[in-house]
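S.K.: Below is the file model-v1.csv, which contains CSV, C-alpha atoms (C1' of nucleotides).
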```
chain,number,residue,atom,x,y,z
A,1,MET,CA,-4.0,-4.8,-6.7
A,2,ILE,CA,-0.9,-3.7,-8.5
A,3,SER,CA,0.6,-0.2,-8.0
A,4,ARG,CA,0.6,2.5,-10.6
A,5,LYS,CA,4.3,2.1,-10.8
A,6,THR,CA,3.9,-1.4,-12.1
A,7,LYS,CA,1.1,-0.5,-14.4
A,8,TYR,CA,2.9,2.5,-15.9
A,9,GLY,CA,6.1,0.5,-16.2
A,10,PHE,CA,4.5,-2.2,-18.1
A,11,LYS,CA,2.7,0.3,-20.4
A,12,ALA,CA,6.0,2.0,-21.1
A,13,LEU,CA,7.6,-1.3,-22.0
A,14,CYS,CA,4.7,-2.2,-24.4
A,15,PHE,CA,4.9,1.3,-25.9
A,16,LEU,CA,8.6,0.7,-26.7
A,17,ALA,CA,7.8,-2.8,-28.0
A,18,ARG,CA,5.3,-1.4,-30.5
A,19,ARG,CA,7.8,0.8,-32.2
A,20,GLU,CA,9.0,-0.5,-35.5
A,21,ASN,CA,12.6,0.6,-35.2
A,22,ASN,CA,14.5,0.6,-31.9
A,23,GLU,CA,15.5,4.2,-31.8
A,24,PRO,CA,15.6,5.9,-28.4
A,25,VAL,CA,12.4,7.5,-27.3
A,26,GLN,CA,12.3,10.4,-24.9
A,27,ILE,CA,10.6,10.0,-21.5
A,28,SER,CA,8.4,13.0,-22.3
A,29,VAL,CA,7.1,11.3,-25.4
A,30,ILE,CA,6.1,8.1,-23.5
A,31,ALA,CA,4.7,10.2,-20.6
A,32,GLU,CA,2.4,12.2,-23.0
A,33,GLU,CA,1.2,9.2,-25.1
A,34,GLU,CA,0.4,7.1,-22.1
A,35,ASN,CA,-0.8,9.9,-19.8
A,36,ILE,CA,1.8,9.3,-17.1
A,37,SER,CA,3.4,11.9,-14.8
A,38,LEU,CA,6.8,12.8,-16.3
A,39,LYS,CA,8.8,12.7,-13.2
A,40,PHE,CA,7.2,9.5,-11.9
A,41,LEU,CA,7.8,7.8,-15.2
A,42,GLU,CA,11.4,9.0,-15.2
A,43,SER,CA,12.0,7.1,-11.9
A,44,ILE,CA,10.2,4.0,-13.2
A,45,LEU,CA,12.2,3.8,-16.4
A,46,LEU,CA,15.4,4.3,-14.5
A,47,THR,CA,14.4,1.2,-12.4
A,48,LEU,CA,13.8,-0.8,-15.5
A,49,LYS,CA,17.1,0.3,-17.0
A,50,LYS,CA,19.0,-0.7,-13.8
A,51,ALA,CA,17.2,-4.1,-13.9
A,52,GLY,CA,18.7,-4.6,-17.4
A,53,PHE,CA,15.5,-4.4,-19.4
A,54,LEU,CA,16.1,-1.0,-21.1
A,55,GLY,CA,19.0,0.8,-22.6
A,56,ALA,CA,19.4,4.6,-22.4
A,57,LYS,CA,21.1,7.3,-24.4
A,58,LYS,CA,21.8,10.7,-23.1
A,59,GLY,CA,21.9,14.0,-25.0
A,60,LYS,CA,20.1,15.1,-28.2
A,61,GLY,CA,18.4,12.3,-29.9
A,62,GLY,CA,18.6,10.3,-26.7
A,63,GLY,CA,16.0,8.4,-24.8
A,64,TYR,CA,15.1,4.9,-23.7
A,65,TYR,CA,15.0,1.8,-25.9
A,66,LEU,CA,14.4,-1.9,-25.4
A,67,LEU,CA,17.4,-4.2,-25.0
A,68,GLU,CA,17.6,-7.3,-27.2
A,69,GLU,CA,16.4,-9.9,-24.8
A,70,THR,CA,13.6,-7.8,-23.3
A,71,ARG,CA,11.1,-8.7,-26.0
A,72,ASN,CA,11.4,-12.3,-25.0
A,73,THR,CA,11.5,-11.7,-21.2
A,74,PRO,CA,8.5,-13.1,-19.3
A,75,VAL,CA,6.2,-10.6,-17.9
A,76,ALA,CA,6.8,-12.2,-14.5
A,77,SER,CA,10.3,-10.7,-14.5
A,78,PHE,CA,9.0,-7.1,-15.0
A,79,TYR,CA,6.4,-7.7,-12.3
A,80,ARG,CA,9.0,-8.8,-9.8
A,81,VAL,CA,11.2,-5.7,-10.5
A,82,LEU,CA,8.3,-3.2,-10.4
A,83,GLU,CA,5.9,-4.7,-7.9
A,84,GLY,CA,7.8,-7.3,-5.9
A,85,PRO,CA,6.4,-10.7,-5.1
A,86,ILE,CA,3.8,-12.3,-7.3
A,87,ALA,CA,2.7,-14.5,-4.4
A,88,MET,CA,-0.1,-13.2,-2.2
A,89,VAL,CA,1.6,-14.2,1.0
A,90,PRO,CA,5.4,-14.0,1.7
A,91,CYS,CA,5.5,-17.6,2.9
A,92,VAL,CA,4.5,-18.8,-0.5
A,93,SER,CA,6.8,-16.6,-2.5
A,94,LEU,CA,9.6,-18.3,-4.6
A,95,ASN,CA,11.7,-15.2,-5.0
A,96,PHE,CA,10.8,-13.2,-1.8
A,97,TYR,CA,10.2,-15.9,0.8
A,98,GLU,CA,9.5,-14.9,4.4
A,99,LYS,CA,8.2,-17.0,7.2
A,100,CYS,CA,5.0,-15.9,8.9
A,101,ASP,CA,5.2,-14.9,12.6
A,102,ASP,CA,1.9,-16.4,13.5
A,103,CYS,CA,2.3,-19.8,11.8
A,104,PRO,CA,4.1,-22.7,13.5
A,105,ASP,CA,3.8,-25.1,10.6
A,106,GLU,CA,3.3,-23.8,7.0
A,107,THR,CA,2.3,-27.1,5.6
A,108,LEU,CA,-0.7,-27.1,7.9
A,109,CYS,CA,-1.8,-23.5,7.2
A,110,SER,CA,-4.9,-23.1,5.1
A,111,VAL,CA,-3.9,-19.7,3.8
A,112,HIS,CA,-0.5,-21.1,2.7
A,113,ASN,CA,-2.0,-24.0,0.9
A,114,LEU,CA,-4.6,-22.0,-0.8
A,115,MET,CA,-2.2,-19.3,-1.9
A,116,ILE,CA,0.2,-21.8,-3.4
A,117,GLN,CA,-2.4,-22.7,-5.9
A,118,VAL,CA,-3.2,-19.1,-6.7
A,119,ARG,CA,0.5,-18.4,-7.1
A,120,ASP,CA,1.0,-21.3,-9.5
A,121,ASN,CA,-2.0,-20.3,-11.6
A,122,THR,CA,-0.8,-16.7,-11.8
A,123,LEU,CA,2.7,-17.8,-12.7
A,124,SER,CA,1.5,-20.0,-15.5
A,125,ILE,CA,0.3,-16.8,-17.2
A,126,LEU,CA,3.0,-14.3,-16.2
A,127,GLU,CA,5.9,-16.7,-17.0
A,128,ASN,CA,4.5,-17.5,-20.4
A,129,LYS,CA,3.7,-14.0,-21.7
A,130,THR,CA,6.2,-11.6,-23.2
A,131,LEU,CA,6.1,-8.1,-24.8
A,132,ASN,CA,5.6,-9.9,-28.2
A,133,ASP,CA,2.2,-10.9,-27.0
A,134,PHE,CA,1.2,-7.2,-26.6
A,135,VAL,CA,2.4,-5.5,-29.7
A,136,LYS,CA,-0.7,-5.9,-31.9
A,137,ASN,CA,-3.6,-3.5,-31.8
A,138,GLN,CA,-2.8,-2.5,-28.3
A,139,SER,CA,-2.0,0.7,-26.5
B,1,MET,CA,-0.1,-9.4,-1.4
B,2,ILE,CA,-3.0,-9.8,0.9
B,3,SER,CA,-3.4,-7.9,4.1
B,4,ARG,CA,-3.1,-9.5,7.6
B,5,LYS,CA,-6.8,-8.7,8.0
B,6,THR,CA,-7.6,-11.1,5.2
B,7,LYS,CA,-5.2,-13.7,6.3
B,8,TYR,CA,-6.4,-13.6,9.9
B,9,GLY,CA,-10.0,-13.5,8.9
B,10,PHE,CA,-9.7,-16.6,6.7
B,11,LYS,CA,-7.7,-18.4,9.4
B,12,ALA,CA,-10.4,-17.7,11.9
B,13,LEU,CA,-13.1,-19.0,9.5
B,14,CYS,CA,-11.1,-22.2,9.1
B,15,PHE,CA,-10.6,-22.5,12.8
B,16,LEU,CA,-14.4,-22.4,13.3
B,17,ALA,CA,-14.9,-24.8,10.4
B,18,ARG,CA,-12.6,-27.4,12.0
B,19,ARG,CA,-14.7,-27.6,15.2
B,20,GLU,CA,-16.9,-30.6,15.4
B,21,ASN,CA,-19.9,-29.0,17.0
B,22,ASN,CA,-21.0,-25.5,16.2
B,23,GLU,CA,-20.9,-24.0,19.7
B,24,PRO,CA,-19.9,-20.4,20.0
B,25,VAL,CA,-16.1,-19.8,20.4
B,26,GLN,CA,-14.8,-16.8,22.2
B,27,ILE,CA,-12.6,-14.4,20.3
B,28,SER,CA,-9.9,-14.8,22.9
B,29,VAL,CA,-9.7,-18.5,22.2
B,30,ILE,CA,-9.3,-18.0,18.4
B,31,ALA,CA,-6.8,-15.2,19.0
B,32,GLU,CA,-4.6,-17.4,21.2
B,33,GLU,CA,-4.8,-20.5,19.0
B,34,GLU,CA,-4.0,-18.6,15.8
B,35,ASN,CA,-1.6,-16.1,17.3
B,36,ILE,CA,-3.6,-13.0,16.4
B,37,SER,CA,-3.9,-9.7,18.3
B,38,LEU,CA,-7.2,-10.0,20.2
B,39,LYS,CA,-8.5,-6.5,19.5
B,40,PHE,CA,-7.6,-6.8,15.8
B,41,LEU,CA,-9.3,-10.1,15.5
B,42,GLU,CA,-12.4,-8.7,17.3
B,43,SER,CA,-12.8,-6.1,14.5
B,44,ILE,CA,-12.3,-8.7,11.8
B,45,LEU,CA,-14.9,-11.1,13.2
B,46,LEU,CA,-17.3,-8.2,13.5
B,47,THR,CA,-16.8,-7.5,9.8
B,48,LEU,CA,-17.4,-11.2,9.0
B,49,LYS,CA,-20.5,-11.2,11.1
B,50,LYS,CA,-21.9,-8.1,9.5
B,51,ALA,CA,-21.3,-9.7,6.1
B,52,GLY,CA,-23.5,-12.6,7.1
B,53,PHE,CA,-20.8,-15.3,7.4
B,54,LEU,CA,-20.8,-15.6,11.2
B,55,GLY,CA,-23.3,-15.7,14.0
B,56,ALA,CA,-22.5,-14.3,17.5
B,57,LYS,CA,-23.8,-14.8,20.9
B,58,LYS,CA,-23.2,-12.4,23.8
B,59,GLY,CA,-22.7,-13.1,27.5
B,60,LYS,CA,-21.4,-16.1,29.2
B,61,GLY,CA,-21.0,-19.1,26.9
B,62,GLY,CA,-21.1,-16.7,24.0
B,63,GLY,CA,-18.8,-16.2,21.1
B,64,TYR,CA,-18.8,-16.6,17.3
B,65,TYR,CA,-20.0,-19.5,15.3
B,66,LEU,CA,-20.3,-20.4,11.6
B,67,LEU,CA,-23.7,-19.8,9.9
B,68,GLU,CA,-25.2,-22.6,8.0
B,69,GLU,CA,-24.3,-21.6,4.5
B,70,THR,CA,-20.8,-20.4,5.3
B,71,ARG,CA,-19.3,-23.8,5.0
B,72,ASN,CA,-20.4,-23.9,1.3
B,73,THR,CA,-19.5,-20.3,0.6
B,74,PRO,CA,-16.8,-19.8,-2.0
B,75,VAL,CA,-13.5,-18.4,-0.6
B,76,ALA,CA,-13.9,-15.6,-3.2
B,77,SER,CA,-16.8,-14.2,-1.1
B,78,PHE,CA,-14.7,-14.0,2.0
B,79,TYR,CA,-11.8,-12.4,0.0
B,80,ARG,CA,-14.1,-9.6,-1.3
B,81,VAL,CA,-15.3,-8.7,2.1
B,82,LEU,CA,-12.0,-8.8,3.8
B,83,GLU,CA,-9.6,-7.6,1.1
B,84,GLY,CA,-11.7,-6.1,-1.6
B,85,PRO,CA,-11.3,-6.7,-5.3
B,86,ILE,CA,-9.7,-9.9,-6.5
B,87,ALA,CA,-8.7,-8.3,-9.7
B,88,MET,CA,-5.2,-6.7,-9.9
B,89,VAL,CA,-6.5,-3.5,-11.6
B,90,PRO,CA,-9.9,-1.8,-10.9
B,91,CYS,CA,-10.7,-1.7,-14.7
B,92,VAL,CA,-10.8,-5.5,-14.7
B,93,SER,CA,-12.8,-6.0,-11.5
B,94,LEU,CA,-16.3,-7.6,-11.8
B,95,ASN,CA,-17.5,-6.4,-8.4
B,96,PHE,CA,-15.4,-3.2,-7.8
B,97,TYR,CA,-15.1,-1.9,-11.4
B,98,GLU,CA,-13.5,1.5,-11.9
B,99,LYS,CA,-12.3,3.2,-15.1
B,100,CYS,CA,-8.6,4.1,-15.4
B,101,ASP,CA,-7.8,7.8,-15.7
B,102,ASP,CA,-5.0,7.3,-18.1
B,103,CYS,CA,-6.6,4.8,-20.5
B,104,PRO,CA,-8.8,6.1,-23.4
B,105,ASP,CA,-9.8,2.6,-24.5
B,106,GLU,CA,-9.6,-0.4,-22.2
B,107,THR,CA,-9.9,-3.0,-24.9
B,108,LEU,CA,-6.6,-1.7,-26.4
B,109,CYS,CA,-4.8,-1.6,-23.0
B,110,SER,CA,-2.1,-4.3,-22.6
B,111,VAL,CA,-2.4,-4.2,-18.8
B,112,HIS,CA,-6.1,-4.6,-19.0
B,113,ASN,CA,-6.0,-7.6,-21.3
B,114,LEU,CA,-3.2,-9.3,-19.3
B,115,MET,CA,-5.0,-8.8,-16.0
B,116,ILE,CA,-8.3,-10.2,-17.3
B,117,GLN,CA,-6.5,-13.5,-17.7
B,118,VAL,CA,-4.9,-13.4,-14.3
B,119,ARG,CA,-8.3,-12.5,-12.8
B,120,ASP,CA,-10.1,-15.4,-14.5
B,121,ASN,CA,-7.4,-17.9,-13.4
B,122,THR,CA,-7.5,-16.7,-9.8
B,123,LEU,CA,-11.3,-16.7,-9.8
B,124,SER,CA,-11.3,-20.3,-11.0
B,125,ILE,CA,-9.7,-21.2,-7.7
B,126,LEU,CA,-11.3,-18.9,-5.3
B,127,GLU,CA,-14.8,-19.5,-6.6
B,128,ASN,CA,-14.4,-23.2,-6.3
B,129,LYS,CA,-13.0,-23.6,-2.9
B,130,THR,CA,-15.0,-23.5,0.3
B,131,LEU,CA,-14.1,-24.0,4.0
B,132,ASN,CA,-14.9,-27.7,3.6
B,133,ASP,CA,-11.7,-27.9,1.6
B,134,PHE,CA,-9.7,-26.7,4.5
B,135,VAL,CA,-10.9,-28.7,7.5
B,136,LYS,CA,-8.6,-31.7,7.4
B,137,ASN,CA,-5.1,-31.7,8.9
B,138,GLN,CA,-5.0,-27.9,8.7
B,139,SER,CA,-4.4,-25.1,11.1
C,1,DT,C1',34.9,25.3,-26.4
C,2,DG,C1',30.3,26.0,-25.1
C,3,DC,C1',25.6,25.3,-25.0
C,4,DA,C1',21.4,22.7,-25.3
C,5,DT,C1',19.5,18.2,-24.6
C,6,DA,C1',18.0,14.3,-22.0
C,7,DC,C1',18.9,10.9,-18.8
C,8,DC,C1',20.8,10.1,-13.8
C,9,DC,C1',20.4,10.4,-8.9
C,10,DT,C1',19.1,11.7,-4.1
C,11,DA,C1',16.0,13.4,-1.1
C,12,DC,C1',11.8,15.0,0.3
C,13,DT,C1',6.6,15.0,1.0
C,14,DA,C1',1.4,14.6,1.0
C,15,DA,C1',-2.0,11.3,1.0
C,16,DA,C1',-3.7,6.9,1.7
C,17,DT,C1',-3.7,2.4,3.8
C,18,DT,C1',-2.6,-0.9,7.3
C,19,DA,C1',-2.5,-2.8,11.7
C,20,DA,C1',-3.6,-2.2,15.3
C,21,DT,C1',-5.2,0.1,20.4
C,22,DA,C1',-8.4,2.4,23.7
C,23,DG,C1',-12.4,2.7,26.0
C,24,DG,C1',-16.8,2.3,26.8
C,25,DA,C1',-21.9,0.6,25.3
C,26,DT,C1',-25.0,-3.2,24.9
C,27,DA,C1',-26.9,-7.7,25.5
C,28,DA,C1',-27.2,-12.3,27.6
C,29,DT,C1',-26.6,-15.4,31.3
C,30,DA,C1',-26.7,-17.0,36.1
D,1,DT,C1',-27.6,-7.3,39.6
D,2,DA,C1',-23.0,-8.9,38.7
D,3,DT,C1',-20.4,-11.1,35.2
D,4,DT,C1',-19.4,-12.2,30.7
D,5,DA,C1',-18.5,-11.4,26.0
D,6,DT,C1',-19.7,-9.1,21.9
D,7,DC,C1',-20.6,-4.4,19.7
D,8,DC,C1',-19.1,0.1,18.2
D,9,DT,C1',-16.6,4.5,17.6
D,10,DA,C1',-12.5,6.9,17.5
D,11,DT,C1',-7.7,7.4,17.5
D,12,DT,C1',-2.9,6.4,16.2
D,13,DA,C1',1.8,4.7,14.7
D,14,DA,C1',4.0,2.7,11.0
D,15,DT,C1',4.3,1.8,6.3
D,16,DT,C1',3.5,2.3,1.5
D,17,DT,C1',2.3,4.9,-2.5
D,18,DA,C1',2.7,8.4,-5.8
D,19,DG,C1',4.5,11.5,-6.8
D,20,DT,C1',7.8,16.4,-6.7
D,21,DA,C1',12.1,19.2,-6.3
D,22,DG,C1',16.4,20.2,-7.7
D,23,DG,C1',20.2,19.6,-9.2
D,24,DG,C1',24.3,16.4,-11.6
D,25,DT,C1',26.2,14.1,-15.6
D,26,DA,C1',27.0,12.6,-20.2
D,27,DT,C1',26.2,13.4,-25.2
D,28,DG,C1',25.9,15.8,-29.6
D,29,DC,C1',26.3,19.8,-32.3
D,30,DA,C1',27.8,24.4,-33.8
```
Would you put the structure from the file into structure tokens?

M.R.:
Amino acid sequence: MISRKTKYGFKALCFLARRENNEPVQISVIAEEENISLKFLESILLTLKKAGFLGAKKGKGGGYYLLEETRNTPVASFYRVLEGPIAMVPCVSLNFYEKCDDCPDETLCSVHNLMIQVRDNTLSILENKTLNDFVKNQS
Amino acid sequence: MISRKTKYGFKALCFLARRENNEPVQISVIAEEENISLKFLESILLTLKKAGFLGAKKGKGGGYYLLEETRNTPVASFYRVLEGPIAMVPCVSLNFYEKCDDCPDETLCSVHNLMIQVRDNTLSILENKTLNDFVKNQS
DNA sequence: TGCATACCCTACTAAATTAATAGGATAATA
DNA sequence: TATTATCCTATTAATTTAGTAGGGTATGCA
């Protein structure tokens, strides 16, 4: 299960991607359109900005907007920033690897070997989708 | 990420599946071999028993053992009992469906449509693997 | 210059979940 | 009837989640 943070963050990115021009959009506008708590969304968008996916403009007429490359960024990148590892166990994570306490030899662990397959399948989707795949007829 | 409960439960099932005979095995034996807290494992095995995957025998010479059909049970079934939904959002779950508060129309939701694909890919693995696939050279 | 706007940032918190632990009840065996 | 081992309920510490509070800072406009 993904957290609301991840869900809201991705919805906000899609919202911005659906805009025809790339003018800044206020947090409050996105929050209202997507039914997200304003303050919560504020912290999420800040995270996405710090990660280099969004630009922001302060003051009147300000707001958040997509950066150039963000439209072609794989969904996997958003996922890692918002949710963390894509893998279902840390010992199988490419970007957030951690050894298991209980496991003397990973290569012999049934959970490990099963979850490698799940990870690769999930990655094959998340690494090959971008915001462009979600702009049409979508909220 | 899956919980330790799921990880430990699946490891215990694999441990039992690797035994040549189907004699009852004490919790303490599994706990020691797999480096799992005894009391925690106790509650997990009880769950698996109540779900119909394991049999149990009390008293001397007692313990847990696999039921007949468990060897051919898809891993997805264990997952649902131990962890819950396989889907990454409730609105996409086949067995634990829940509508999202924030979403007026699921069919237009980008998260929904993305996660359907992830779910189907994950299911294609978990529904087609059984304990038999994990008995060789595995801990 | 000054005021309104809108993002920036830190800290805090209530609720839920996780990962156990404690302690006894029950059933089977010898 | 003593021992063994599962069964069952309740409790708890730690962590994570999903926010909320309350200002600070930069921008644009009159």

S.K.: Write out as JSON lines a residue-level contact list of chain B versus chain D with cut-off 6 Å: for each qualifying residue the closest pair of atoms and the distance in Å to one decimal, counting all atoms listed in the file, rows sorted by chain and residue number upward.

M.R.:
```
{"residue": "B:Lys58", "atom": "CA", "partner": "D:DT6", "partner_atom": "C1'", "distance": 5.2}
{"residue": "B:Gly59", "atom": "CA", "partner": "D:DT4", "partner_atom": "C1'", "distance": 4.7}
{"residue": "B:Lys60", "atom": "CA", "partner": "D:DT4", "partner_atom": "C1'", "distance": 4.6}
```

S.K.: Where does chain C meet chain B within 10 Å, residue by residue, with the nearest atom pair and distance in Å to one decimal for each, counting all atoms listed in the file, listed by chain and rising number, as JSON lines?

M.R.:
```
{"residue": "C:DT18", "atom": "C1'", "partner": "B:Ser3", "partner_atom": "CA", "distance": 7.7}
{"residue": "C:DA19", "atom": "C1'", "partner": "B:Phe40", "partner_atom": "CA", "distance": 7.7}
{"residue": "C:DA20", "atom": "C1'", "partner": "B:Phe40", "partner_atom": "CA", "distance": 6.1}
{"residue": "C:DT21", "atom": "C1'", "partner": "B:Lys39", "partner_atom": "CA", "distance": 7.4}
{"residue": "C:DA22", "atom": "C1'", "partner": "B:Lys39", "partner_atom": "CA", "distance": 9.8}
{"residue": "C:DT26", "atom": "C1'", "partner": "B:Lys58", "partner_atom": "CA", "distance": 9.4}
{"residue": "C:DA27", "atom": "C1'", "partner": "B:Lys58", "partner_atom": "CA", "distance": 6.2}
{"residue": "C:DA28", "atom": "C1'", "partner": "B:Gly59", "partner_atom": "CA", "distance": 4.6}
{"residue": "C:DT29", "atom": "C1'", "partner": "B:Lys60", "partner_atom": "CA", "distance": 5.7}
{"residue": "C:DA30", "atom": "C1'", "partner": "B:Lys60", "partner_atom": "CA", "distance": 8.7}
```

S.K.: For chain A versus chain B, which residues have an atom no more than 9 Å away, and what is each residue's nearest atom pair and distance in Å rounded to one decimal, using all atoms listed in the file, chain-then-number order, as a tab-separated table?

M.R.:
```
residue	atom	partner	partner_atom	distance
A:Met1	CA	B:Met88	CA	3.9
A:Ile2	CA	B:Met88	CA	5.4
A:Ser3	CA	B:Val89	CA	8.6
A:Lys7	CA	B:Val111	CA	6.7
A:Phe10	CA	B:Val111	CA	7.2
A:Lys11	CA	B:Val111	CA	7.0
A:Cys14	CA	B:Ser110	CA	7.3
A:Glu34	CA	B:Asp102	CA	6.7
A:Asn35	CA	B:Asp102	CA	5.2
A:Ile36	CA	B:Asp102	CA	7.2
A:Pro85	CA	B:Met1	CA	7.6
A:Ile86	CA	B:Met1	CA	7.6
A:Ala87	CA	B:Met1	CA	6.5
A:Met88	CA	B:Met1	CA	3.9
A:Val89	CA	B:Met1	CA	5.6
A:Pro90	CA	B:Met1	CA	7.8
A:Asp101	CA	B:Asn35	CA	8.4
A:Asp102	CA	B:Asn35	CA	5.2
A:Cys103	CA	B:Glu34	CA	7.6
A:Asp105	CA	B:Ser139	CA	8.2
A:Glu106	CA	B:Ser139	CA	8.8
A:Thr107	CA	B:Gln138	CA	8.0
A:Leu108	CA	B:Gln138	CA	4.4
A:Cys109	CA	B:Ser139	CA	5.0
A:Ser110	CA	B:Gln138	CA	6.0
A:Val111	CA	B:Lys7	CA	6.6
A:Asn113	CA	B:Phe134	CA	8.9
A:Leu114	CA	B:Ile125	CA	8.6
A:Gln117	CA	B:Ile125	CA	7.7
A:Val118	CA	B:Thr122	CA	5.8
A:Arg119	CA	B:Thr122	CA	8.6
A:Asn121	CA	B:Asn121	CA	6.2
A:Thr122	CA	B:Val118	CA	5.8
A:Leu123	CA	B:Val118	CA	8.9
A:Ile125	CA	B:Val118	CA	6.9
A:Leu126	CA	B:Val118	CA	8.2
A:Lys129	CA	B:Leu114	CA	8.7
A:Phe134	CA	B:Ser110	CA	5.9
A:Val135	CA	B:Ser110	CA	8.5
A:Asn137	CA	B:Leu108	CA	6.4
A:Gln138	CA	B:Leu108	CA	4.3
A:Ser139	CA	B:Cys109	CA	5.0
```

S.K.: For atom CA of Tyr65 of chain B and atom C1' of DG23 of chain C, quote the distance in Å rounded to one decimal.

M.R.: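 These two atoms are separated by 25.8 Å.
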
S.K.: Just the number, please: distance in Å from atom CA of Val81 of chain B to atom CA of Asn128 of chain B, one decimal.

M.R.: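 Value for the atom CA of Val81 of chain B-atom CA of Asn128 of chain B distance: 16.8 Å.
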
S.K.: From the set A:Glu98, A:Glu69, A:Glu83, A:Glu23, which residue has the shortest atom-to-atom contact distance to Thr130 of chain A, counting only C-alpha atoms?

M.R.: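 Ranking A:Glu98, A:Glu69, A:Glu83, A:Glu23 by distance to Thr130 of chain A, first place goes to A:Glu69.
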
S.K.: Write out as a list of chain:residue names which residues come within 6 Å of Gly63 of chain B when counting only C-alpha atoms (C1' of nucleotides), dropping same-chain ones fewer than 3 positions away.

M.R.: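 The neighbour list is B:Pro24, B:Val25, B:Gln26, B:Ala56, B:Lys57.
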
S.K.: Generate a file of the selected residues that holds C-alpha atoms, formatted as a PDB file, in the coordinates of the input.

M.R.:
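Result written to part-v4.pdb:
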```
ATOM      1  CA  PRO B  24     -19.900 -20.400  20.000  1.00  0.00           C
ATOM      2  CA  VAL B  25     -16.100 -19.800  20.400  1.00  0.00           C
ATOM      3  CA  GLN B  26     -14.800 -16.800  22.200  1.00  0.00           C
ATOM      4  CA  ALA B  56     -22.500 -14.300  17.500  1.00  0.00           C
ATOM      5  CA  LYS B  57     -23.800 -14.800  20.900  1.00  0.00           C
TER       6      LYS B  57
END
```

S.K.: In Å, with one decimal, what is the gap from atom CA of Arg71 of chain B to atom CA of Cys100 of chain A?

M.R.: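 Computing the Euclidean distance for atom CA of Arg71 of chain B and atom CA of Cys100 of chain A yields 25.8 Å.
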
S.K.: Add whatever atoms are absent from segment 107-118 of chain A to reach N, CA and C atoms, and provide the output as a PDB file, in the coordinates of the input.

M.R.:
```pdb
ATOM      1  N   THR A 107       2.967 -26.081   6.408  1.00  0.00           N
ATOM      2  CA  THR A 107       2.300 -27.100   5.600  1.00  0.00           C
ATOM      3  C   THR A 107       0.887 -27.395   6.131  1.00  0.00           C
ATOM      4  N   LEU A 108       0.609 -26.929   7.372  1.00  0.00           N
ATOM      5  CA  LEU A 108      -0.700 -27.100   7.900  1.00  0.00           C
ATOM      6  C   LEU A 108      -1.591 -25.872   7.821  1.00  0.00           C
ATOM      7  N   CYS A 109      -1.040 -24.824   7.222  1.00  0.00           N
ATOM      8  CA  CYS A 109      -1.800 -23.500   7.200  1.00  0.00           C
ATOM      9  C   CYS A 109      -2.677 -23.467   5.963  1.00  0.00           C
ATOM     10  N   SER A 110      -3.936 -23.179   6.201  1.00  0.00           N
ATOM     11  CA  SER A 110      -4.900 -23.100   5.100  1.00  0.00           C
ATOM     12  C   SER A 110      -4.626 -22.007   4.145  1.00  0.00           C
ATOM     13  N   VAL A 111      -4.215 -20.863   4.665  1.00  0.00           N
ATOM     14  CA  VAL A 111      -3.900 -19.700   3.800  1.00  0.00           C
ATOM     15  C   VAL A 111      -2.714 -20.100   2.886  1.00  0.00           C
ATOM     16  N   HIS A 112      -1.726 -20.676   3.493  1.00  0.00           N
ATOM     17  CA  HIS A 112      -0.500 -21.100   2.700  1.00  0.00           C
ATOM     18  C   HIS A 112      -0.907 -22.032   1.595  1.00  0.00           C
ATOM     19  N   ASN A 113      -1.673 -23.037   1.890  1.00  0.00           N
ATOM     20  CA  ASN A 113      -2.000 -24.000   0.900  1.00  0.00           C
ATOM     21  C   ASN A 113      -2.909 -23.501  -0.213  1.00  0.00           C
ATOM     22  N   LEU A 114      -3.784 -22.600   0.167  1.00  0.00           N
ATOM     23  CA  LEU A 114      -4.600 -22.000  -0.800  1.00  0.00           C
ATOM     24  C   LEU A 114      -3.802 -21.070  -1.758  1.00  0.00           C
ATOM     25  N   MET A 115      -2.921 -20.301  -1.155  1.00  0.00           N
ATOM     26  CA  MET A 115      -2.200 -19.300  -1.900  1.00  0.00           C
ATOM     27  C   MET A 115      -1.093 -19.908  -2.815  1.00  0.00           C
ATOM     28  N   ILE A 116      -0.664 -21.120  -2.487  1.00  0.00           N
ATOM     29  CA  ILE A 116       0.200 -21.800  -3.400  1.00  0.00           C
ATOM     30  C   ILE A 116      -0.451 -22.082  -4.735  1.00  0.00           C
ATOM     31  N   GLN A 117      -1.701 -22.456  -4.662  1.00  0.00           N
ATOM     32  CA  GLN A 117      -2.400 -22.700  -5.900  1.00  0.00           C
ATOM     33  C   GLN A 117      -2.661 -21.449  -6.695  1.00  0.00           C
ATOM     34  N   VAL A 118      -3.009 -20.370  -5.990  1.00  0.00           N
ATOM     35  CA  VAL A 118      -3.200 -19.100  -6.700  1.00  0.00           C
ATOM     36  C   VAL A 118      -1.898 -18.651  -7.341  1.00  0.00           C
TER      37      VAL A 118
END
```
